[in-house]
$ cat upload38.tsv   # TSV, C-alpha atoms
chain	number	residue	atom	x	y	z
A	845	MET	CA	-18.07	-19.35	6.10
A	846	GLY	CA	-17.43	-16.58	8.58
A	847	SER	CA	-15.36	-15.77	11.65
A	848	GLY	CA	-15.42	-13.32	14.56
A	849	SER	CA	-18.63	-12.37	16.33
A	850	ARG	CA	-22.06	-13.15	14.91
A	851	PRO	CA	-22.51	-10.39	12.35
A	852	GLY	CA	-25.55	-8.15	12.33
A	853	HIS	CA	-28.18	-9.25	9.89
A	854	GLU	CA	-27.86	-6.11	7.75
A	855	LEU	CA	-24.09	-6.32	7.45
A	856	MET	CA	-24.09	-10.00	6.59
A	857	THR	CA	-26.85	-9.45	4.05
A	858	ALA	CA	-24.80	-6.64	2.51
A	859	ILE	CA	-21.69	-8.83	2.37
A	860	ARG	CA	-23.59	-11.62	0.63
A	861	ALA	CA	-25.15	-9.14	-1.80
A	862	MET	CA	-21.72	-7.84	-2.69
A	863	GLY	CA	-20.52	-11.40	-3.18
A	864	ASP	CA	-23.28	-11.90	-5.74
A	865	GLN	CA	-22.03	-9.08	-7.97
A	866	GLY	CA	-19.62	-11.22	-10.00
A	867	LEU	CA	-16.58	-9.29	-8.78
A	868	ALA	CA	-14.49	-12.36	-7.86
A	869	VAL	CA	-14.15	-11.17	-4.27
A	870	GLU	CA	-12.58	-14.01	-2.29
A	871	GLY	CA	-12.61	-12.53	1.20
A	872	ILE	CA	-13.91	-9.49	3.04
A	873	HIS	CA	-13.07	-8.17	6.50
A	874	VAL	CA	-15.04	-5.36	8.13
A	875	TYR	CA	-13.61	-3.65	11.21
A	876	LEU	CA	-15.74	-1.26	13.23
A	877	ARG	CA	-13.90	0.50	16.03
A	878	ASP	CA	-14.46	-1.13	19.45
A	879	ARG	CA	-16.35	-4.06	17.93
A	880	PRO	CA	-15.20	-7.54	16.94
A	881	PRO	CA	-14.47	-7.67	13.19
A	882	VAL	CA	-16.76	-9.44	10.74
A	883	GLU	CA	-15.01	-11.60	8.17
A	884	HIS	CA	-16.38	-13.76	5.36
A	885	HIS	CA	-14.67	-15.90	2.71
A	886	TRP	CA	-15.81	-17.44	-0.53
A	887	VAL	CA	-12.58	-19.42	-1.04
A	888	ALA	CA	-9.89	-20.79	1.26
A	889	ASP	CA	-8.18	-17.94	3.12
A	890	ILE	CA	-4.58	-18.49	2.12
A	891	ARG	CA	-1.80	-15.96	1.86
A	892	ARG	CA	-1.64	-14.34	-1.54
A	893	ASP	CA	0.22	-11.53	-3.25
A	894	ILE	CA	-1.45	-8.28	-2.21
A	895	PHE	CA	0.27	-6.60	-5.17
A	896	SER	CA	0.41	-2.79	-4.87
A	897	ALA	CA	-1.14	-2.78	-1.40
A	898	SER	CA	2.44	-3.81	-0.51
A	899	LYS	CA	3.45	-0.21	-1.26
A	900	THR	CA	1.67	1.07	1.85
A	901	PHE	CA	3.68	-1.29	4.07
A	902	THR	CA	6.83	0.18	2.52
A	903	SER	CA	5.57	3.69	3.23
A	904	VAL	CA	4.96	2.69	6.85
A	905	ALA	CA	8.54	1.41	7.06
A	906	VAL	CA	9.74	4.85	5.98
A	907	GLY	CA	7.65	6.46	8.72
A	908	ILE	CA	9.09	4.13	11.35
A	909	ALA	CA	12.64	4.71	10.10
A	910	GLN	CA	12.10	8.46	10.28
A	911	ALA	CA	10.83	8.17	13.86
A	912	GLU	CA	13.96	6.21	14.75
A	913	GLY	CA	16.21	8.91	13.27
A	914	LEU	CA	17.48	6.69	10.46
A	915	LEU	CA	16.31	9.01	7.68
A	916	ASP	CA	14.39	12.19	7.01
A	917	ILE	CA	11.57	12.47	4.53
A	918	GLU	CA	13.38	15.34	2.78
A	919	ASP	CA	16.64	13.44	2.36
A	920	PRO	CA	17.94	13.15	-1.20
A	921	VAL	CA	17.69	9.56	-2.37
A	922	LEU	CA	21.38	9.48	-3.22
A	923	SER	CA	22.34	10.47	0.32
A	924	HIS	CA	21.39	6.89	1.22
A	925	LEU	CA	22.32	5.21	-2.04
A	926	GLY	CA	25.62	7.00	-2.45
A	927	HIS	CA	27.34	3.98	-3.96
A	928	LEU	CA	25.06	4.47	-6.98
A	929	THR	CA	25.87	8.17	-7.38
A	930	SER	CA	28.44	7.72	-10.14
A	931	ALA	CA	25.92	5.76	-12.16
A	932	SER	CA	23.01	8.17	-11.73
A	933	ALA	CA	21.42	10.16	-14.54
A	934	THR	CA	21.10	13.92	-14.73
A	935	ASP	CA	18.74	15.38	-12.11
A	936	THR	CA	18.38	12.19	-10.03
A	937	ASP	CA	20.44	13.86	-7.31
A	938	ALA	CA	17.44	16.17	-6.76
A	939	ILE	CA	14.99	13.31	-5.99
A	940	THR	CA	13.90	13.14	-2.35
A	941	ILE	CA	12.33	10.36	-0.31
A	942	ARG	CA	9.11	12.40	-0.19
A	943	GLN	CA	8.97	12.42	-3.99
A	944	LEU	CA	9.41	8.65	-4.14
A	945	LEU	CA	6.48	8.28	-1.72
A	946	THR	CA	4.17	10.55	-3.71
A	947	MET	CA	5.29	9.20	-7.12
A	948	THR	CA	6.52	12.67	-8.16
A	949	SER	CA	10.19	11.75	-8.55
A	950	GLY	CA	10.10	12.02	-12.34
A	951	ILE	CA	11.02	8.32	-12.61
A	952	THR	CA	9.27	6.64	-15.53
A	953	TYR	CA	11.30	3.41	-15.55
A	954	ARG	CA	9.15	0.26	-15.81
A	955	TRP	CA	10.35	-3.04	-14.37
A	956	ASN	CA	9.06	-5.39	-17.07
A	957	ASP	CA	11.10	-8.51	-16.33
A	958	PRO	CA	8.89	-11.58	-15.70
A	959	ASP	CA	8.79	-12.64	-12.05
A	960	ALA	CA	10.96	-9.61	-11.16
A	961	ASP	CA	13.99	-11.26	-12.75
A	962	HIS	CA	16.58	-8.64	-13.64
A	963	PRO	CA	20.21	-8.84	-14.70
A	964	GLY	CA	22.53	-6.65	-12.69
A	965	ASP	CA	21.22	-4.07	-10.23
A	966	ALA	CA	17.71	-2.76	-10.91
A	967	ALA	CA	18.36	0.30	-8.72
A	968	ILE	CA	21.21	1.34	-10.99
A	969	ASP	CA	19.03	0.91	-14.07
A	970	ILE	CA	16.24	2.97	-12.47
A	971	LEU	CA	18.60	5.79	-11.56
A	972	THR	CA	20.42	5.84	-14.90
A	973	THR	CA	17.23	6.04	-16.97
A	974	THR	CA	16.43	9.58	-18.09
A	975	LEU	CA	13.69	11.14	-15.97
A	976	GLY	CA	10.34	11.88	-17.57
A	977	ALA	CA	9.99	15.16	-15.66
A	978	ALA	CA	11.91	17.26	-13.19
A	979	PRO	CA	11.58	15.88	-9.64
A	980	GLY	CA	8.53	17.24	-7.87
A	981	THR	CA	6.72	18.46	-10.99
A	982	ALA	CA	4.61	15.54	-12.23
A	983	PHE	CA	2.90	12.36	-11.03
A	984	ALA	CA	3.86	9.03	-12.59
A	985	TYR	CA	2.80	5.77	-10.93
A	986	ARG	CA	5.85	3.50	-10.99
A	987	GLY	CA	6.82	0.67	-8.66
A	988	ALA	CA	10.45	1.63	-9.24
A	989	ASN	CA	9.93	4.42	-6.70
A	990	THR	CA	8.96	1.89	-4.05
A	991	TYR	CA	11.80	-0.46	-4.86
A	992	LEU	CA	14.22	2.41	-4.22
A	993	LEU	CA	12.53	2.99	-0.85
A	994	SER	CA	13.13	-0.67	-0.03
A	995	ARG	CA	16.80	-0.21	-0.87
A	996	ILE	CA	16.95	2.95	1.27
A	997	ILE	CA	15.51	1.10	4.28
A	998	GLN	CA	18.22	-1.53	3.89
A	999	ALA	CA	20.93	1.10	3.47
A	1000	CYS	CA	19.99	3.14	6.55
A	1001	SER	CA	19.08	0.25	8.88
A	1002	GLY	CA	21.30	-2.60	7.71
A	1003	LEU	CA	18.16	-4.76	7.47
A	1004	ASP	CA	16.14	-5.82	4.46
A	1005	LEU	CA	12.68	-4.22	4.36
A	1006	GLN	CA	10.92	-7.42	5.46
A	1007	ASP	CA	13.36	-7.96	8.32
A	1008	PHE	CA	13.11	-4.31	9.36
A	1009	LEU	CA	9.33	-4.55	9.66
A	1010	LEU	CA	9.21	-7.96	11.32
A	1011	PRO	CA	9.72	-6.83	14.97
A	1012	ARG	CA	8.36	-3.33	14.42
A	1013	LEU	CA	5.08	-4.10	12.65
A	1014	PHE	CA	4.44	-7.68	11.57
A	1015	LEU	CA	4.94	-9.46	14.90
A	1016	PRO	CA	2.98	-6.88	16.95
A	1017	LEU	CA	0.14	-7.39	14.45
A	1018	GLY	CA	0.32	-11.15	14.89
A	1019	ILE	CA	1.66	-11.66	11.36
A	1020	ARG	CA	4.30	-14.33	11.77
A	1021	ASN	CA	6.86	-15.16	9.11
A	1022	PRO	CA	5.35	-13.12	6.25
A	1023	GLN	CA	6.99	-13.66	2.89
A	1024	TRP	CA	7.94	-10.85	0.51
A	1025	LEU	CA	9.12	-11.56	-3.03
A	1026	ARG	CA	12.66	-10.36	-3.65
A	1027	CYS	CA	14.75	-9.19	-6.56
A	1028	PRO	CA	17.64	-11.40	-7.74
A	1029	LEU	CA	19.99	-9.45	-5.44
A	1030	GLY	CA	17.87	-10.45	-2.43
A	1031	PHE	CA	16.10	-7.17	-1.65
A	1032	SER	CA	12.35	-7.15	-0.92
A	1033	LEU	CA	10.55	-5.73	-3.94
A	1034	GLY	CA	8.64	-3.18	-1.86
A	1035	ALA	CA	6.09	-2.30	-4.54
A	1036	VAL	CA	4.52	-5.75	-4.83
A	1037	GLY	CA	5.03	-9.28	-3.62
A	1038	LEU	CA	4.02	-9.20	0.05
A	1039	GLN	CA	2.00	-12.33	0.84
A	1040	LEU	CA	-0.85	-11.88	3.35
A	1041	ARG	CA	-4.26	-13.23	4.32
A	1042	THR	CA	-7.34	-10.99	4.24
A	1043	ALA	CA	-7.31	-10.33	8.00
A	1044	GLU	CA	-3.55	-9.67	7.97
A	1045	LEU	CA	-3.97	-6.97	5.33
A	1046	ALA	CA	-6.89	-5.59	7.36
A	1047	ARG	CA	-4.74	-5.19	10.47
A	1048	LEU	CA	-2.66	-2.47	8.88
A	1049	GLY	CA	-5.87	-0.75	7.76
A	1050	ARG	CA	-7.03	-0.87	11.36
A	1051	VAL	CA	-3.74	0.65	12.54
A	1052	LEU	CA	-4.08	3.47	10.00
A	1053	LEU	CA	-7.65	4.12	11.13
A	1054	ASP	CA	-6.64	4.17	14.80
A	1055	GLY	CA	-3.78	6.66	14.46
A	1056	GLY	CA	-0.98	4.09	14.59
A	1057	ARG	CA	-2.23	2.12	17.60
A	1058	PHE	CA	-2.96	-1.58	17.84
A	1059	LEU	CA	-4.12	-3.22	21.08
A	1060	ASN	CA	-2.90	-0.24	23.14
A	1061	GLN	CA	0.54	-0.25	21.52
A	1062	GLN	CA	1.66	2.70	19.40
A	1063	LEU	CA	3.25	1.05	16.39
A	1064	LEU	CA	3.40	4.04	14.03
A	1065	PRO	CA	3.79	7.78	14.58
A	1066	ALA	CA	0.36	9.39	14.38
A	1067	ASP	CA	1.80	12.44	12.63
A	1068	PHE	CA	3.26	10.31	9.86
A	1069	ILE	CA	-0.12	8.63	9.31
A	1070	ALA	CA	-1.75	12.05	9.05
A	1071	SER	CA	0.89	13.10	6.51
A	1072	MET	CA	0.17	10.03	4.37
A	1073	ILE	CA	-3.09	11.64	3.25
A	1074	ALA	CA	-2.32	15.33	3.81
A	1075	ASP	CA	0.73	15.17	1.53
A	1076	CYS	CA	-1.19	14.28	-1.61
A	1077	VAL	CA	-0.89	15.20	-5.28
A	1078	PRO	CA	-3.30	15.29	-8.21
A	1079	THR	CA	-2.94	12.43	-10.66
A	1080	ASP	CA	-4.90	13.91	-13.58
A	1081	GLY	CA	-7.18	10.90	-13.58
A	1082	HIS	CA	-4.32	8.40	-13.70
A	1083	VAL	CA	-5.57	4.87	-14.33
A	1084	ALA	CA	-4.60	2.69	-11.36
A	1085	THR	CA	-4.75	-1.00	-10.51
A	1086	GLY	CA	-6.44	-2.20	-13.63
A	1087	ALA	CA	-9.07	0.55	-14.05
A	1088	ALA	CA	-10.29	0.77	-17.63
A	1089	ALA	CA	-10.88	4.52	-17.49
A	1090	PRO	CA	-10.13	7.45	-15.18
A	1091	HIS	CA	-12.16	7.28	-11.98
A	1092	ALA	CA	-12.68	9.90	-9.28
A	1093	ASP	CA	-11.20	7.54	-6.68
A	1094	ASN	CA	-7.90	7.65	-8.58
A	1095	SER	CA	-7.62	11.44	-8.78
A	1096	ARG	CA	-5.35	12.03	-5.75
A	1097	TYR	CA	-2.39	10.11	-4.40
A	1098	GLY	CA	-0.73	10.45	-0.99
A	1099	ARG	CA	2.32	8.76	0.44
A	1100	HIS	CA	1.70	5.37	-1.17
A	1101	VAL	CA	-2.04	5.50	-0.52
A	1102	TRP	CA	-4.95	6.54	-2.74
A	1103	ILE	CA	-7.36	9.25	-1.59
A	1104	CYS	CA	-11.01	8.35	-2.21
A	1105	HIS	CA	-13.50	11.00	-3.29
A	1106	ARG	CA	-16.18	9.69	-0.92
A	1107	ASP	CA	-16.52	9.98	2.87
A	1108	HIS	CA	-12.98	11.36	3.32
A	1109	ALA	CA	-11.83	7.76	2.90
A	1110	TRP	CA	-8.41	6.56	1.73
A	1111	ARG	CA	-6.99	3.18	0.88
A	1112	MET	CA	-4.31	0.64	0.18
A	1113	ASP	CA	-4.91	-0.66	-3.33
A	1114	GLY	CA	-3.57	-3.64	-5.26
A	1115	ILE	CA	-4.55	-4.96	-8.67
A	1116	TYR	CA	-7.36	-7.54	-8.89
A	1117	GLY	CA	-9.05	-6.13	-5.77
A	1118	GLN	CA	-6.61	-6.20	-2.85
A	1119	LEU	CA	-8.11	-3.24	-0.99
A	1120	SER	CA	-8.13	-1.89	2.53
A	1121	ILE	CA	-10.28	1.22	2.81
A	1122	VAL	CA	-9.99	3.50	5.84
A	1123	LEU	CA	-13.33	5.19	6.56
A	1124	PRO	CA	-12.80	7.67	9.41
A	1125	ARG	CA	-16.35	9.06	9.22
A	1126	HIS	CA	-17.71	5.59	9.95
A	1127	GLU	CA	-14.86	4.61	12.32
A	1128	ALA	CA	-14.42	1.59	10.09
A	1129	CYS	CA	-12.05	-0.20	7.75
A	1130	VAL	CA	-13.23	-2.47	4.92
A	1131	THR	CA	-10.73	-4.90	3.42
A	1132	THR	CA	-11.12	-7.22	0.43
A	1133	THR	CA	-8.97	-9.77	-1.32
A	1134	ALA	CA	-10.04	-10.77	-4.80
A	1135	HIS	CA	-9.00	-11.86	-8.26
A	1136	TYR	CA	-11.17	-9.62	-10.39
A	1137	GLN	CA	-10.08	-9.13	-14.00
A	1138	GLY	CA	-12.04	-5.93	-14.55
A	1139	PRO	CA	-11.52	-2.43	-13.15
A	1140	THR	CA	-11.04	-2.74	-9.40
A	1141	THR	CA	-12.91	0.52	-9.04
A	1142	ASP	CA	-15.97	-1.71	-9.63
A	1143	ILE	CA	-15.24	-3.27	-6.23
A	1144	LEU	CA	-14.94	0.18	-4.66
A	1145	ASP	CA	-18.33	1.12	-6.08
A	1146	ALA	CA	-19.84	-2.11	-4.75
A	1147	ILE	CA	-18.43	-1.46	-1.28
A	1148	TRP	CA	-20.06	1.97	-1.25
A	1149	SER	CA	-23.32	0.55	-2.59
A	1150	HIS	CA	-23.61	-2.43	-0.24
A	1151	ILE	CA	-21.28	-2.17	2.76
A	1152	VAL	CA	-20.87	1.50	3.63
A	1153	PRO	CA	-24.62	2.18	4.10
A	1154	VAL	CA	-24.80	-0.37	6.95
A	1155	LEU	CA	-21.66	0.75	8.81
A	1156	THR	CA	-23.51	2.06	11.82
$ encode --input "upload38.tsv" --output "structure tokens"
Amino acid sequence: MGSGSRPGHELMTAIRAMGDQGLAVEGIHVYLRDRPPVEHHWVADIRRDIFSASKTFTSVAVGIAQAEGLLDIEDPVLSHLGHLTSASATDTDAITIRQLLTMTSGITYRWNDPDADHPGDAAIDILTTTLGAAPGTAFAYRGANTYLLSRIIQACSGLDLQDFLLPRLFLPLGIRNPQWLRCPLGFSLGAVGLQLRTAELARLGRVLLDGGRFLNQQLLPADFIASMIADCVPTDGHVATGAAAPHADNSRYGRHVWICHRDHAWRMDGIYGQLSIVLPRHEACVTTTAHYQGPTTDILDAIWSHIVPVLT
């Protein structure tokens, strides 16, 4: 089944070929600037957890909050979470919002509770756990960084992350009543848990491609979007989103986005294949939702093998 305009023969052939690769792709959305999108589904298009692609929405919230004067990217984390200061561990007072976004805070805490259940306050546990490295010196991919950003958005705006983004991003994108899984204290998880359809995930990819604009409305500061990829750090081949081995597309990390090694592309990335790839050279964005049990870099390779060559 498909939606949007009648797709070109080559693109639709490429989509079907990718669907035959055994990658458990459930939906794909291809946006080419100034053209109607092409979308195809192999299963019912229902909202599902986009997992770590949620992180990019949290990063966007930080950019919006900065534009509104609610925070600055160089603020110490504890300047917004001051009520946790007495419980913080050594050196956490040096962590900045920028370091949370680039996963260079030194935080190594893992939230292992099933279904995000957690006794007490997870933010306190994160900040009282000894850091694995001095802030700003090493990359460590941890959702705890993003959860703290969610708490900072609530602290500086008085609104939970989901509620903060509702009028500023979700509603302008036509995403009504999105659900975001919350911790037991009621805060949006930030790192995971946002429930979206394929096309809804793709709309943020389109906004990132188009410099923060959507239907002639500037939703995000263009300079913040540029900084999301310019402010990147090496990961030393860190294994991300289920990859079985280091992959070149996991070698650099920006402000809650991954920098691809091909075509100057970059992406939102969630486990099992929740991907939205911004391809500025092709003026395109390719988005997938999937439930693939293998390395999701296999899906990236398939996109470059089948889809990218026909993005003309």
$ residues_around --input "upload38.tsv" --residues "A:Gln1137" --least-positions-apart "6" --cutoff "9 Å" --atoms "all atoms listed in the file" --output "PyMOL selection string"
chain A and resi 867-868+1086+1115-1117
$ atom_distance --input "upload38.tsv" --atom1 "atom CA of A:Trp886" --atom2 "atom CA of A:Gly866"
12.0 Å
$ residues_around --input "upload38.tsv" --residues "A:Thr946" --least-positions-apart "5" --cutoff "7 Å" --atoms "only C-alpha atoms" --output "list in words"
Cys1076, Tyr1097, Gly1098, Arg1099 and His1100 of chain A
$ write_last_selection --input "upload38.tsv" --atoms "C-alpha atoms" --output "compact mmCIF listing (two decimals), in the frame of the given file"
# COMPACT_ATOMS: atom_id res chain seq x y z
CA CYS A 1076 -1.19 14.28 -1.61
CA TYR A 1097 -2.39 10.11 -4.40
CA GLY A 1098 -0.73 10.45 -0.99
CA ARG A 1099 2.32 8.76 0.44
CA HIS A 1100 1.70 5.37 -1.17
$ closest_residue --input "upload38.tsv" --among "A:Leu1155, A:Cys1027, A:Leu1052, A:Ile996" --to "A:Val921" --atoms "only C-alpha atoms"
A:Ile996
$ atom_distance --input "upload38.tsv" --atom1 "atom CA of A:Asp1067" --atom2 "atom CA of A:Gly907"
9.2 Å
$ closest_residue --input "upload38.tsv" --among "A:Gly1018, A:Pro1028, A:Gly926, A:Gly1049" --to "A:Ala1128" --atoms "all atoms listed in the file"
A:Gly1049
$ closest_residue --input "upload38.tsv" --among "A:Val882, A:Ile894, A:Ala1070, A:Ala905" --to "A:Arg1041" --atoms "all atoms listed in the file"
A:Ile894
$ closest_residue --input "upload38.tsv" --among "A:Val1077, A:Thr1140, A:Met1072, A:Tyr991" --to "A:Trp1110" --atoms "all atoms listed in the file"
A:Met1072
$ closest_residue --input "upload38.tsv" --among "A:Asp1113, A:Asp969, A:Asp1145, A:Asp1080" --to "A:Phe983" --atoms "all atoms listed in the file"
A:Asp1080
$ decode --input "upload38.tsv" --residues "stretch 1058-1085 of chain A" --atoms "N, CA and C atoms" --output "PDB file, in the first residue's frame"
ATOM      1  N   PHE A1058       8.856  24.598   8.243  1.00  0.00           N
ATOM      2  CA  PHE A1058       7.829  23.637   7.840  1.00  0.00           C
ATOM      3  C   PHE A1058       6.619  24.421   7.364  1.00  0.00           C
ATOM      4  N   LEU A1059       6.272  24.257   6.097  1.00  0.00           N
ATOM      5  CA  LEU A1059       5.128  24.951   5.502  1.00  0.00           C
ATOM      6  C   LEU A1059       5.213  26.460   5.759  1.00  0.00           C
ATOM      7  N   ASN A1060       6.376  27.029   5.475  1.00  0.00           N
ATOM      8  CA  ASN A1060       6.616  28.470   5.586  1.00  0.00           C
ATOM      9  C   ASN A1060       6.593  29.008   7.012  1.00  0.00           C
ATOM     10  N   GLN A1061       6.694  28.117   7.989  1.00  0.00           N
ATOM     11  CA  GLN A1061       6.772  28.545   9.383  1.00  0.00           C
ATOM     12  C   GLN A1061       8.115  28.108   9.953  1.00  0.00           C
ATOM     13  N   GLN A1062       8.841  29.046  10.551  1.00  0.00           N
ATOM     14  CA  GLN A1062      10.132  28.725  11.150  1.00  0.00           C
ATOM     15  C   GLN A1062       9.895  28.166  12.540  1.00  0.00           C
ATOM     16  N   LEU A1063      10.043  26.858  12.671  1.00  0.00           N
ATOM     17  CA  LEU A1063       9.778  26.203  13.947  1.00  0.00           C
ATOM     18  C   LEU A1063      11.023  26.127  14.823  1.00  0.00           C
ATOM     19  N   LEU A1064      12.192  26.005  14.200  1.00  0.00           N
ATOM     20  CA  LEU A1064      13.433  25.832  14.940  1.00  0.00           C
ATOM     21  C   LEU A1064      14.471  26.825  14.445  1.00  0.00           C
ATOM     22  N   PRO A1065      15.344  27.295  15.322  1.00  0.00           N
ATOM     23  CA  PRO A1065      16.404  28.200  14.876  1.00  0.00           C
ATOM     24  C   PRO A1065      17.360  27.487  13.918  1.00  0.00           C
ATOM     25  N   ALA A1066      17.589  28.081  12.772  1.00  0.00           N
ATOM     26  CA  ALA A1066      18.475  27.464  11.782  1.00  0.00           C
ATOM     27  C   ALA A1066      19.888  27.287  12.332  1.00  0.00           C
ATOM     28  N   ASP A1067      20.340  28.224  13.161  1.00  0.00           N
ATOM     29  CA  ASP A1067      21.696  28.108  13.679  1.00  0.00           C
ATOM     30  C   ASP A1067      21.831  26.940  14.651  1.00  0.00           C
ATOM     31  N   PHE A1068      20.766  26.642  15.392  1.00  0.00           N
ATOM     32  CA  PHE A1068      20.835  25.484  16.279  1.00  0.00           C
ATOM     33  C   PHE A1068      20.904  24.199  15.465  1.00  0.00           C
ATOM     34  N   ILE A1069      20.126  24.109  14.390  1.00  0.00           N
ATOM     35  CA  ILE A1069      20.168  22.922  13.536  1.00  0.00           C
ATOM     36  C   ILE A1069      21.572  22.733  12.972  1.00  0.00           C
ATOM     37  N   ALA A1070      22.183  23.814  12.516  1.00  0.00           N
ATOM     38  CA  ALA A1070      23.550  23.711  12.003  1.00  0.00           C
ATOM     39  C   ALA A1070      24.499  23.206  13.085  1.00  0.00           C
ATOM     40  N   SER A1071      24.291  23.661  14.318  1.00  0.00           N
ATOM     41  CA  SER A1071      25.179  23.251  15.412  1.00  0.00           C
ATOM     42  C   SER A1071      24.982  21.787  15.789  1.00  0.00           C
ATOM     43  N   MET A1072      23.827  21.215  15.475  1.00  0.00           N
ATOM     44  CA  MET A1072      23.570  19.819  15.818  1.00  0.00           C
ATOM     45  C   MET A1072      24.562  18.889  15.139  1.00  0.00           C
ATOM     46  N   ILE A1073      25.049  19.268  13.957  1.00  0.00           N
ATOM     47  CA  ILE A1073      26.021  18.428  13.265  1.00  0.00           C
ATOM     48  C   ILE A1073      27.437  19.004  13.341  1.00  0.00           C
ATOM     49  N   ALA A1074      27.548  20.322  13.461  1.00  0.00           N
ATOM     50  CA  ALA A1074      28.881  20.930  13.549  1.00  0.00           C
ATOM     51  C   ALA A1074      29.549  20.602  14.882  1.00  0.00           C
ATOM     52  N   ASP A1075      28.759  20.548  15.939  1.00  0.00           N
ATOM     53  CA  ASP A1075      29.270  20.263  17.283  1.00  0.00           C
ATOM     54  C   ASP A1075      29.259  18.757  17.488  1.00  0.00           C
ATOM     55  N   CYS A1076      30.207  18.072  16.858  1.00  0.00           N
ATOM     56  CA  CYS A1076      30.215  16.611  16.920  1.00  0.00           C
ATOM     57  C   CYS A1076      31.521  16.104  17.523  1.00  0.00           C
ATOM     58  N   VAL A1077      31.474  14.875  18.021  1.00  0.00           N
ATOM     59  CA  VAL A1077      32.624  14.287  18.705  1.00  0.00           C
ATOM     60  C   VAL A1077      32.879  12.902  18.150  1.00  0.00           C
ATOM     61  N   PRO A1078      34.136  12.452  18.170  1.00  0.00           N
ATOM     62  CA  PRO A1078      34.418  11.078  17.754  1.00  0.00           C
ATOM     63  C   PRO A1078      33.929  10.092  18.804  1.00  0.00           C
ATOM     64  N   THR A1079      33.489   8.935  18.346  1.00  0.00           N
ATOM     65  CA  THR A1079      32.951   7.928  19.262  1.00  0.00           C
ATOM     66  C   THR A1079      33.869   6.722  19.396  1.00  0.00           C
ATOM     67  N   ASP A1080      34.964   6.716  18.656  1.00  0.00           N
ATOM     68  CA  ASP A1080      35.891   5.572  18.654  1.00  0.00           C
ATOM     69  C   ASP A1080      35.187   4.287  18.252  1.00  0.00           C
ATOM     70  N   GLY A1081      34.299   4.416  17.247  1.00  0.00           N
ATOM     71  CA  GLY A1081      33.624   3.231  16.738  1.00  0.00           C
ATOM     72  C   GLY A1081      32.577   2.676  17.662  1.00  0.00           C
ATOM     73  N   HIS A1082      32.027   3.522  18.546  1.00  0.00           N
ATOM     74  CA  HIS A1082      31.015   3.074  19.492  1.00  0.00           C
ATOM     75  C   HIS A1082      29.904   2.318  18.779  1.00  0.00           C
ATOM     76  N   VAL A1083      29.478   1.215  19.366  1.00  0.00           N
ATOM     77  CA  VAL A1083      28.400   0.408  18.799  1.00  0.00           C
ATOM     78  C   VAL A1083      27.069   1.017  19.220  1.00  0.00           C
ATOM     79  N   ALA A1084      26.263   1.407  18.243  1.00  0.00           N
ATOM     80  CA  ALA A1084      24.994   2.082  18.527  1.00  0.00           C
ATOM     81  C   ALA A1084      23.825   1.300  17.994  1.00  0.00           C
ATOM     82  N   THR A1085      22.690   1.434  18.663  1.00  0.00           N
ATOM     83  CA  THR A1085      21.395   0.926  18.208  1.00  0.00           C
ATOM     84  C   THR A1085      21.473  -0.490  17.655  1.00  0.00           C
TER      85      THR A1085
END
